[in-house]
There are 2 protein chains.
Amino acid sequence: MSLPDDKKKCRIAVDAMGGDFAPLNQIKGAIEAQAYSTDIEVILIGNSDRINACLQENNLAYPESLIIHADEVIGMDEHPAKAIRTKKNSSIVVGNKLVKDRTVDAFVSAGNTGAMMASATLDLGRISGCGRPTIGSVMPSEKGITTLFDVGASVDSKASHLVEYAIMGSIYVREIYNIPEPKVGLLSVGEEDAKGNEVTLTALPLLRKANINFVGNIEGRDILNGVVNVVVCDGFTGNIILKFGESVLTLMKNLLRSYADKGLLNKIKALLIKNTLKELLKGFDYQEHGGVPLLGVNGVCIVGHGKSTPKAMRNMILRAQDMYNKNLVGKIEKSLKEYSL
Amino acid sequence: MSLPDDKKKCRIAVDAMGGDFAPLNQIKGAIEAQAYSTDIEVILIGNSDRINACLQENNLAYPESLIIHADEVIGMDEHPAKAIRTKKNSSIVVGNKLVKDRTVDAFVSAGNTGAMMASATLDLGRISGCGRPTIGSVMPSEKGITTLFDVGASVDSKASHLVEYAIMGSIYVREIYNIPEPKVGLLSVGEEDAKGNEVTLTALPLLRKANINFVGNIEGRDILNGVVNVVVCDGFTGNIILKFGESVLTLMKNLLRSYADKGLLNKIKALLIKNTLKELLKGFDYQEHGGVPLLGVNGVCIVGHGKSTPKAMRNMILRAQDMYNKNLVGKIEKSLKEYSL
């Protein structure tokens, strides 16, 4: 594992085997990211035979010194805890260990999200003061973007975890989207303090005491309307909302398709609509946001969509660089420490 | 409270004071419903002075014998439990009591949902074997419709409540949408049996034992794709999904509006798109579905959207008639009894 000793560059490791179109999209994304930024060095982790074969097949070139071999691959559907226990030489475990020993500055993967989460938590360790790491998601809103923490890192979140999500999410949005005092809302079934389930009712007074710009309870309709920058909820609810949101677009696509099938006039109308809709809904395009951050672990980790395109991979790599350069991990540690005092 | 003694007709009471546009939309809906079906008699409940003034202002006529005076009105934002305790002569409480004493066969309201729920539960009482009544919602899907139980009748649902929702939802979909063996899915964060939070993990084996067509866990993306006819979840999650889903359409409308503002060409394109989109998304239009059923109480109750139009009110009334004629309450009671044996 010898790597060029160019200390000025930010070194991002990419899981070359993670994703439905691995390793091709991952390789292309790495190449695009390096073309985009000269301050970056992208290391591909994975089965070197498969990476080299893919490079040859697609007439691509990649410096051999930036490819790190990892024998094993964790499949998209493997049981996370079991997979990281038995596949110590998988690209996911190797990637996180490289972050741990500071060989690289960040790790991004479009592979098995649960395995990424488990390996990052185990191999990098949690930031001091963080009970539960969180995966956040970026969504469009009428006023720009909204983030949602947690979207499935853990179900049955406790009230104290919701406070941690709020603190970590605030820092992420402040640093990455340059919003000085991000507004934080607690997702519930009504705006009044008395509305909510057991967990949110317990979390509400804790959130009021935390050093964040907390606005109180918000409702499902407020996620996309831009009243807050950070939506806090348990991982169960967040995961369901995220997948439901994606499916609304799928439904629309399918409805448009069957509409077009109903005659020539419809076909023409559908064609006219399609491109405008695409433009309108650009904010919903996961490729733009460069994956979702995994916060609360001792290192920069980004998890991508299984279907990540080269563009999505490139944006994930650049986002990881930004998180590293802005010392997200250090800032989160400091804030969690202040909260616990 | 003397009413014409026409036993053949189904008598539906309408909360004339409930809704953002009450009593006008409620009156118009009642008139439309009676024009639509000769087997129906619609009774307006509310402040008779206000109802009569509204009739005059709008040049409408309504038989005086079908107007029942109720002094008080429960506001949309009033605390449900407190409101029904202190406003015994409100249109909501009076309506449910008329169902209770069999003066009417069903009651529909576009007023305060929580108050409807509380009054129906208290004044009508729960069906024997039902621990928690449920409010369901109808959503479009690629294969027709999907229903979601519960959407907020109660948060912190227990596993046994989820089973009740599944049984009651199955009967509703079977009877009202003529789907012989509705498929039921448990909303969770993964399809595997091991995925879920504490409540869903406990509910899963109970649902397998119930006499329903249970397919197992489903994910957020499956709500709209038509894999099941009944989605079961706790009221907290369901309420958030429902409001989030509505907001996706609001966001699109607003995005389209600002797109149109960016120039003449955009304006023309936006106009072209608008109508087609409306046609495409008809399934999302709450007006079509005629409100959401409140199941598990001893009577037919339908709750409508605060913004209910005359058309929405009409459809709610006709849906209530259908539920009454098909003896939904009796069938739910029988199934819950069989389950508990």
# chains A, B, ... in the order shown; residues from 1 in each chain; ligands from 1
>>> closest_atom_pairs(of="chain A", to="chain B", cutoff="8 Å", atoms="only C-alpha atoms", output="CSV")
residue,atom,partner,partner_atom,distance
A:Ser141,CA,B:Leu251,CA,7.5
A:Glu142,CA,B:Leu251,CA,6.6
A:Gly152,CA,B:Val189,CA,7.5
A:Val155,CA,B:Asn197,CA,5.5
A:Asp156,CA,B:Asn197,CA,5.7
A:Leu187,CA,B:Ile240,CA,8.0
A:Ser188,CA,B:Ile240,CA,7.1
A:Val189,CA,B:Asn239,CA,6.3
A:Gly196,CA,B:Val155,CA,7.1
A:Asn197,CA,B:Val155,CA,5.5
A:Glu198,CA,B:Asp156,CA,6.9
A:Glu219,CA,B:Ile240,CA,6.5
A:Gly220,CA,B:Ile240,CA,4.3
A:Arg221,CA,B:Phe244,CA,4.6
A:Asp222,CA,B:Phe244,CA,7.5
A:Ile223,CA,B:Phe244,CA,7.0
A:Leu224,CA,B:Ser247,CA,6.8
A:Asn225,CA,B:Leu251,CA,7.0
A:Phe236,CA,B:Val189,CA,6.4
A:Thr237,CA,B:Thr237,CA,6.0
A:Asn239,CA,B:Val189,CA,6.3
A:Ile240,CA,B:Gly220,CA,4.3
A:Ile241,CA,B:Gly220,CA,6.4
A:Leu242,CA,B:Gly220,CA,7.4
A:Lys243,CA,B:Arg221,CA,4.8
A:Phe244,CA,B:Gly220,CA,4.4
A:Gly245,CA,B:Gly245,CA,7.6
A:Glu246,CA,B:Arg221,CA,6.9
A:Ser247,CA,B:Arg221,CA,5.0
A:Val248,CA,B:Leu224,CA,7.2
A:Leu251,CA,B:Glu142,CA,6.6
A:Met252,CA,B:Leu280,CA,7.7
A:Asn254,CA,B:Glu142,CA,7.6
A:Leu255,CA,B:Leu280,CA,6.3
A:Leu256,CA,B:Leu280,CA,7.0
A:Tyr259,CA,B:Leu280,CA,7.5
A:Lys269,CA,B:Thr276,CA,7.8
A:Leu272,CA,B:Ile273,CA,7.8
A:Ile273,CA,B:Ile273,CA,5.7
A:Thr276,CA,B:Lys269,CA,7.8
A:Leu280,CA,B:Leu255,CA,6.3
A:Leu281,CA,B:Met252,CA,7.9
>>> write_last_selection(atoms="N, CA and C atoms", output="CSV table (one decimal), in the first residue's frame")
chain,number,residue,atom,x,y,z
A,141,SER,N,-35.9,22.1,-2.1
A,141,SER,CA,-37.0,22.8,-1.5
A,141,SER,C,-37.3,24.0,-2.2
A,142,GLU,N,-38.4,24.7,-1.9
A,142,GLU,CA,-38.8,25.9,-2.6
A,142,GLU,C,-37.7,27.0,-2.4
A,152,GLY,N,-31.9,6.5,7.9
A,152,GLY,CA,-31.9,5.0,8.0
A,152,GLY,C,-30.6,4.4,8.6
A,155,VAL,N,-32.8,2.5,13.2
A,155,VAL,CA,-34.2,2.7,13.5
A,155,VAL,C,-34.2,2.8,15.0
A,156,ASP,N,-35.4,3.0,15.5
A,156,ASP,CA,-35.6,3.2,17.0
A,156,ASP,C,-34.6,4.2,17.6
A,187,LEU,N,-39.4,16.7,13.0
A,187,LEU,CA,-40.5,16.2,12.2
A,187,LEU,C,-41.5,15.5,13.1
A,188,SER,N,-42.8,16.0,13.0
A,188,SER,CA,-43.8,15.5,13.9
A,188,SER,C,-45.2,15.6,13.2
A,189,VAL,N,-46.2,15.3,13.9
A,189,VAL,CA,-47.6,15.3,13.3
A,189,VAL,C,-48.4,16.6,13.5
A,196,GLY,N,-47.0,14.8,18.8
A,196,GLY,CA,-45.8,14.0,18.5
A,196,GLY,C,-45.9,12.6,19.1
A,197,ASN,N,-44.9,11.8,18.9
A,197,ASN,CA,-44.9,10.5,19.6
A,197,ASN,C,-44.0,10.6,20.8
A,198,GLU,N,-43.8,9.5,21.4
A,198,GLU,CA,-43.0,9.5,22.7
A,198,GLU,C,-41.6,10.0,22.5
A,219,GLU,N,-44.2,19.7,10.2
A,219,GLU,CA,-45.0,18.6,9.7
A,219,GLU,C,-44.4,18.1,8.4
A,220,GLY,N,-45.0,16.9,7.9
A,220,GLY,CA,-44.6,16.3,6.7
A,220,GLY,C,-44.5,17.3,5.5
A,221,ARG,N,-45.5,18.2,5.5
A,221,ARG,CA,-45.6,19.1,4.4
A,221,ARG,C,-44.5,20.2,4.4
A,222,ASP,N,-43.8,20.3,5.5
A,222,ASP,CA,-42.8,21.3,5.6
A,222,ASP,C,-41.4,20.9,5.1
A,223,ILE,N,-41.3,19.6,4.8
A,223,ILE,CA,-40.0,19.1,4.4
A,223,ILE,C,-39.5,19.8,3.2
A,224,LEU,N,-40.4,19.9,2.2
A,224,LEU,CA,-40.0,20.5,0.9
A,224,LEU,C,-40.3,22.0,0.8
A,225,ASN,N,-40.9,22.6,1.7
A,225,ASN,CA,-41.3,24.0,1.5
A,225,ASN,C,-40.3,25.0,2.0
A,236,PHE,N,-36.1,5.4,10.9
A,236,PHE,CA,-37.2,4.6,10.3
A,236,PHE,C,-38.1,5.5,9.4
A,237,THR,N,-38.5,6.6,10.0
A,237,THR,CA,-39.4,7.6,9.3
A,237,THR,C,-38.6,8.2,8.1
A,239,ASN,N,-36.0,7.1,6.4
A,239,ASN,CA,-35.8,6.1,5.4
A,239,ASN,C,-37.0,5.9,4.5
A,240,ILE,N,-38.2,5.9,5.1
A,240,ILE,CA,-39.4,5.7,4.4
A,240,ILE,C,-39.8,6.9,3.6
A,241,ILE,N,-39.6,8.1,4.1
A,241,ILE,CA,-39.8,9.3,3.4
A,241,ILE,C,-38.9,9.4,2.2
A,242,LEU,N,-37.6,9.1,2.4
A,242,LEU,CA,-36.7,9.2,1.3
A,242,LEU,C,-37.1,8.3,0.1
A,243,LYS,N,-37.4,7.1,0.4
A,243,LYS,CA,-37.8,6.1,-0.6
A,243,LYS,C,-39.1,6.5,-1.3
A,244,PHE,N,-40.0,7.0,-0.4
A,244,PHE,CA,-41.4,7.4,-0.9
A,244,PHE,C,-41.2,8.6,-1.9
A,245,GLY,N,-40.3,9.5,-1.5
A,245,GLY,CA,-40.1,10.7,-2.3
A,245,GLY,C,-39.5,10.3,-3.7
A,246,GLU,N,-38.6,9.4,-3.7
A,246,GLU,CA,-38.0,8.9,-5.0
A,246,GLU,C,-39.1,8.3,-5.9
A,247,SER,N,-40.0,7.6,-5.2
A,247,SER,CA,-41.0,6.8,-5.9
A,247,SER,C,-42.1,7.7,-6.6
A,248,VAL,N,-42.3,8.9,-6.0
A,248,VAL,CA,-43.2,9.9,-6.6
A,248,VAL,C,-42.8,10.2,-8.0
A,251,LEU,N,-43.3,7.2,-10.3
A,251,LEU,CA,-44.7,7.1,-10.6
A,251,LEU,C,-45.0,8.1,-11.8
A,252,MET,N,-44.5,9.3,-11.6
A,252,MET,CA,-44.8,10.4,-12.6
A,252,MET,C,-44.3,9.9,-14.0
A,254,ASN,N,-43.8,6.9,-15.1
A,254,ASN,CA,-44.6,5.8,-15.6
A,254,ASN,C,-45.9,6.3,-16.1
A,255,LEU,N,-46.5,7.2,-15.3
A,255,LEU,CA,-47.8,7.8,-15.8
A,255,LEU,C,-47.7,8.5,-17.1
A,256,LEU,N,-46.5,9.3,-17.2
A,256,LEU,CA,-46.3,10.0,-18.5
A,256,LEU,C,-46.1,9.0,-19.6
A,259,TYR,N,-49.4,7.6,-20.6
A,259,TYR,CA,-50.2,8.7,-21.2
A,259,TYR,C,-49.7,8.8,-22.7
A,269,LYS,N,-47.4,15.6,-26.8
A,269,LYS,CA,-47.5,16.4,-25.5
A,269,LYS,C,-46.6,15.8,-24.5
A,272,LEU,N,-43.1,17.0,-25.1
A,272,LEU,CA,-42.9,18.4,-24.8
A,272,LEU,C,-42.7,18.5,-23.3
A,273,ILE,N,-43.5,17.8,-22.6
A,273,ILE,CA,-43.4,17.9,-21.1
A,273,ILE,C,-42.2,17.4,-20.5
A,276,THR,N,-39.1,19.6,-19.9
A,276,THR,CA,-39.3,20.7,-19.0
A,276,THR,C,-39.4,20.2,-17.6
A,280,LEU,N,-37.4,21.1,-14.3
A,280,LEU,CA,-38.0,21.5,-13.1
A,280,LEU,C,-37.6,20.7,-11.8
A,281,LEU,N,-37.4,19.4,-12.1
A,281,LEU,CA,-37.1,18.5,-11.0
A,281,LEU,C,-35.7,18.2,-10.8
>>> select_by_dssp(residues="segment 246-327 of chain B", states="helix (DSSP H, G or I)", output="count of residues only")
56
>>> atom_distance(atom1="atom CA of Gly185 of chain A", atom2="atom CA of Val232 of chain A")
6.2 Å
>>> atom_distance(atom1="atom CA of Gly136 of chain A", atom2="atom CA of Gly216 of chain A")
19.3 Å
>>> closest_residue(among="B:Asn211, B:Ser160, B:Asn325, B:Asn298", to="Ile12 of chain B", atoms="only C-alpha atoms")
B:Asn325
>>> residues_around(residues="segment 64-75 of chain A", least_positions_apart="4", cutoff="6 Å", atoms="only C-alpha atoms", output="ChimeraX atom specification")
/A:43-48,89-91
>>> residues_around(residues="Lys28 of chain A", least_positions_apart="2", cutoff="12 Å", atoms="only C-alpha atoms", output="JSON, numbers by chain")
{"A": [14, 16, 21, 22, 23, 24, 25, 26, 30, 31, 32, 33, 34, 35, 42, 44, 51, 54, 55, 58, 59, 60, 61, 62, 308, 309, 310, 311, 312, 313, 314, 315, 317]}
>>> write_last_selection(atoms="C-alpha atoms", output="JSON list (two decimals), in the first residue's frame")
[["chain", "number", "residue", "atom", "x", "y", "z"],
["A", 14, "VAL", "CA", -13.31, 5.31, -3.93],
["A", 16, "ALA", "CA", -14.44, 0.72, -7.11],
["A", 21, "PHE", "CA", -22.52, -0.33, -12.45],
["A", 22, "ALA", "CA", -19.20, -0.94, -10.73],
["A", 23, "PRO", "CA", -16.40, -0.64, -11.52],
["A", 24, "LEU", "CA", -17.04, 1.36, -14.72],
["A", 25, "ASN", "CA", -19.01, 4.30, -13.30],
["A", 26, "GLN", "CA", -16.71, 4.44, -10.29],
["A", 30, "ALA", "CA", -12.68, 9.15, -10.37],
["A", 31, "ILE", "CA", -11.24, 10.30, -13.69],
["A", 32, "GLU", "CA", -13.78, 13.13, -13.92],
["A", 33, "ALA", "CA", -13.05, 14.30, -10.38],
["A", 34, "GLN", "CA", -9.32, 14.44, -11.03],
["A", 35, "ALA", "CA", -9.91, 16.38, -14.22],
["A", 42, "VAL", "CA", -8.40, 9.64, -6.17],
["A", 44, "LEU", "CA", -9.51, 3.24, -6.47],
["A", 51, "ILE", "CA", -10.43, -2.74, -12.52],
["A", 54, "CYS", "CA", -12.58, -2.62, -17.20],
["A", 55, "LEU", "CA", -10.01, 0.07, -18.03],
["A", 58, "ASN", "CA", -13.30, 0.90, -22.16],
["A", 59, "ASN", "CA", -10.07, 2.32, -23.46],
["A", 60, "LEU", "CA", -9.41, 4.21, -20.24],
["A", 61, "ALA", "CA", -6.18, 4.81, -18.35],
["A", 62, "TYR", "CA", -5.60, 5.09, -14.61],
["A", 308, "SER", "CA", -24.61, 6.21, -9.16],
["A", 309, "THR", "CA", -23.54, 7.56, -12.54],
["A", 310, "PRO", "CA", -20.00, 8.82, -13.27],
["A", 311, "LYS", "CA", -21.29, 12.35, -12.58],
["A", 312, "ALA", "CA", -22.75, 11.27, -9.23],
["A", 313, "MET", "CA", -19.44, 9.59, -8.31],
["A", 314, "ARG", "CA", -17.51, 12.71, -9.30],
["A", 315, "ASN", "CA", -19.74, 14.90, -7.16],
["A", 317, "ILE", "CA", -15.60, 12.72, -4.47]]
>>> select_by_dssp(residues="segment 100-212 of chain A", states="strand (DSSP E or B)", output="number ranges by chain")
A: 106-109, 126, 134-141, 144-149, 183-187
>>> write_last_selection(atoms="C-alpha atoms", output="PDB file, in the first residue's frame")
ATOM      1  CA  ALA A 106     -11.896  10.340   2.932  1.00  0.00           C
ATOM      2  CA  PHE A 107     -13.753   7.359   1.550  1.00  0.00           C
ATOM      3  CA  VAL A 108     -16.752   7.250  -0.755  1.00  0.00           C
ATOM      4  CA  SER A 109     -18.808   4.211  -1.736  1.00  0.00           C
ATOM      5  CA  ARG A 126     -17.625   7.035  16.611  1.00  0.00           C
ATOM      6  CA  THR A 134     -26.320   9.370  11.071  1.00  0.00           C
ATOM      7  CA  ILE A 135     -26.827   9.316   7.344  1.00  0.00           C
ATOM      8  CA  GLY A 136     -28.396  12.468   5.980  1.00  0.00           C
ATOM      9  CA  SER A 137     -30.133  13.127   2.724  1.00  0.00           C
ATOM     10  CA  VAL A 138     -30.339  16.277   0.662  1.00  0.00           C
ATOM     11  CA  MET A 139     -33.707  17.180  -0.840  1.00  0.00           C
ATOM     12  CA  PRO A 140     -34.832  20.101  -2.965  1.00  0.00           C
ATOM     13  CA  SER A 141     -37.037  22.759  -1.453  1.00  0.00           C
ATOM     14  CA  GLY A 144     -33.023  25.785  -2.202  1.00  0.00           C
ATOM     15  CA  ILE A 145     -32.257  22.618  -0.333  1.00  0.00           C
ATOM     16  CA  THR A 146     -33.440  20.792   2.725  1.00  0.00           C
ATOM     17  CA  THR A 147     -31.545  18.075   4.525  1.00  0.00           C
ATOM     18  CA  LEU A 148     -33.068  15.164   6.371  1.00  0.00           C
ATOM     19  CA  PHE A 149     -31.265  13.444   9.276  1.00  0.00           C
ATOM     20  CA  LYS A 183     -32.917  26.366  10.849  1.00  0.00           C
ATOM     21  CA  VAL A 184     -33.665  22.992  12.408  1.00  0.00           C
ATOM     22  CA  GLY A 185     -37.157  21.440  12.670  1.00  0.00           C
ATOM     23  CA  LEU A 186     -38.304  18.294  14.453  1.00  0.00           C
ATOM     24  CA  LEU A 187     -40.511  16.191  12.188  1.00  0.00           C
TER      25      LEU A 187
END
>>> residues_around(residues="Glu175 of chain B", least_positions_apart="2", cutoff="9 Å", atoms="only C-alpha atoms", output="list of chain:residue names")
B:Ser170, B:Ile171, B:Tyr172, B:Val173, B:Tyr177, B:Asn178, B:Ile179, B:Pro180, B:Asp322, B:Met323, B:Lys326, B:Leu328
>>> residues_around(residues="Val297 of chain B", least_positions_apart="6", cutoff="6 Å", atoms="only C-alpha atoms", output="list in words")
Thr121, Gly125, Arg126 and Ile127 of chain B
>>> write_last_selection(atoms="C-alpha atoms", output="JSON list (two decimals), in the first residue's frame")
[["chain", "number", "residue", "atom", "x", "y", "z"],
["B", 121, "THR", "CA", -64.57, 7.18, 19.49],
["B", 125, "GLY", "CA", -67.78, 3.89, 20.85],
["B", 126, "ARG", "CA", -65.24, 1.45, 19.46],
["B", 127, "ILE", "CA", -66.29, -1.71, 17.65]]
>>> residues_around(residues="Tyr324 of chain A", least_positions_apart="3", cutoff="8 Å", atoms="only C-alpha atoms", output="PyMOL selection string")
chain A and resi 10+105-106+300+320-321+327-329
>>> write_last_selection(atoms="N, CA and C atoms", output="compact mmCIF listing (two decimals), in the first residue's frame")
# COMPACT_ATOMS: atom_id res chain seq x y z
N CYS A 10 -5.51 16.39 -1.49
CA CYS A 10 -6.48 15.66 -0.68
C CYS A 10 -6.67 14.29 -1.32
N ASP A 105 -7.74 10.59 3.04
CA ASP A 105 -8.44 11.60 3.84
C ASP A 105 -9.95 11.39 3.88
N ALA A 106 -10.45 10.57 2.97
CA ALA A 106 -11.90 10.34 2.93
C ALA A 106 -12.18 9.10 2.11
N VAL A 300 -14.09 11.17 7.15
CA VAL A 300 -15.05 11.63 6.15
C VAL A 300 -15.52 10.44 5.31
N ALA A 320 -16.61 15.02 -0.73
CA ALA A 320 -15.75 14.47 0.31
C ALA A 320 -14.53 15.38 0.53
N GLN A 321 -14.00 15.88 -0.57
CA GLN A 321 -12.86 16.81 -0.48
C GLN A 321 -13.26 18.05 0.32
N ASN A 327 -12.80 20.47 7.64
CA ASN A 327 -12.65 19.81 8.94
C ASN A 327 -13.99 19.54 9.63
N LEU A 328 -14.89 18.95 8.87
CA LEU A 328 -16.22 18.62 9.41
C LEU A 328 -16.12 17.78 10.68
N VAL A 329 -15.24 16.79 10.64
CA VAL A 329 -15.15 15.86 11.77
C VAL A 329 -14.74 16.61 13.04
>>> atom_distance(atom1="atom CA of Ala166 of chain A", atom2="atom CA of Asp234 of chain B")
23.6 Å
